[in-house]
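Presented below is the structure to which this report refers.
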Amino acid sequence: MELNEKVENVKSREDLIKFISHLRMDLQNNRAEWENITLEDYFEAMEAWVNDMEGYYLNTNQPVPKQPSWKTIADILYASSMYE
């Protein structure tokens, strides 16, 4: 299962913990596919994505979260690996 599929399954704290583990392993195994491999770049992308995330949810026909859920956190972490 790909990371983009795994992020969709995050519903609980335990799911988020598993997702973070998969995200970390993906960075270790597929570093060349990641856009933001330094912590500085990752945080910069995270800041930008959270600022623009409403557009992501609207463009993917998902409700814009009013309060972050476990899945919202997973979305942020996943998007930060590739967002520019």
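Lettering and numbering for the structure tokens are positional, with chains as A, B, ... in the shown order, residues counted from 1 in each chain, and ligands counted from 1 in the shown order.
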Shell of 12 Å around A:Asn51, only C-alpha atoms, local chain residues under 4 positions omitted, as a list in words: Glu44, Ala45, Met46, Glu47, Gly55, Tyr56, Ile76, Ser80 and Tyr83 of chain A
Write out the residues from the selection above, keeping C-alpha atoms, as a PDB file, in the first residue's frame.
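Saved file result_4.pdb follows:
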```pdb
ATOM      1  CA  GLU A  44       9.003  25.271   5.430  1.00  0.00           C
ATOM      2  CA  ALA A  45       6.781  23.026   3.289  1.00  0.00           C
ATOM      3  CA  MET A  46       4.610  22.230   6.307  1.00  0.00           C
ATOM      4  CA  GLU A  47       4.088  25.918   7.007  1.00  0.00           C
ATOM      5  CA  GLY A  55      -7.435  24.650  -1.372  1.00  0.00           C
ATOM      6  CA  TYR A  56      -6.311  21.001  -1.164  1.00  0.00           C
ATOM      7  CA  ILE A  76       0.035  17.665   6.901  1.00  0.00           C
ATOM      8  CA  SER A  80       5.188  18.281   3.813  1.00  0.00           C
ATOM      9  CA  TYR A  83       5.001  20.351  -1.107  1.00  0.00           C
TER      10      TYR A  83
END
```
Those in stretch 5-63 of chain A with helix (DSSP H, G or I) from DSSP, as number ranges by chain: A: 5-8, 13-29, 31-33, 39-59
Between atom CA of A:Met1 and atom CA of A:Trp70, distance in Å (one decimal):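 We find that atom CA of A:Met1 and atom CA of A:Trp70 lie 19.1 Å from each other.
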Contacts of A:Tyr78 within 12 Å, only C-alpha atoms, excl. fewer than 2 positions in-chain, as a ChimeraX atom specification: /A:2-8,10,16,19-24,26-27,34-36,42-43,45-46,49-50,71-76,80-83
Could you name the residues that touch A:Val64 at 7 Å or less, counting only C-alpha atoms, but leaving out those on the same chain fewer than 5 positions away, as a JSON list (two decimals) with N, CA and C atoms, in the first residue's frame?
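File produced: result.json:
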```json
[["chain", "number", "residue", "atom", "x", "y", "z"],
["A", 54, "GLU", "N", -6.63, 24.64, 2.73],
["A", 54, "GLU", "CA", -8.05, 24.77, 2.38],
["A", 54, "GLU", "C", -8.26, 24.44, 0.90],
["A", 57, "TYR", "N", -8.23, 20.61, 0.24],
["A", 57, "TYR", "CA", -9.48, 19.93, 0.59],
["A", 57, "TYR", "C", -10.60, 20.29, -0.38],
["A", 58, "LEU", "N", -10.68, 21.54, -0.79],
["A", 58, "LEU", "CA", -11.70, 21.94, -1.76],
["A", 58, "LEU", "C", -11.48, 21.27, -3.11]]
```
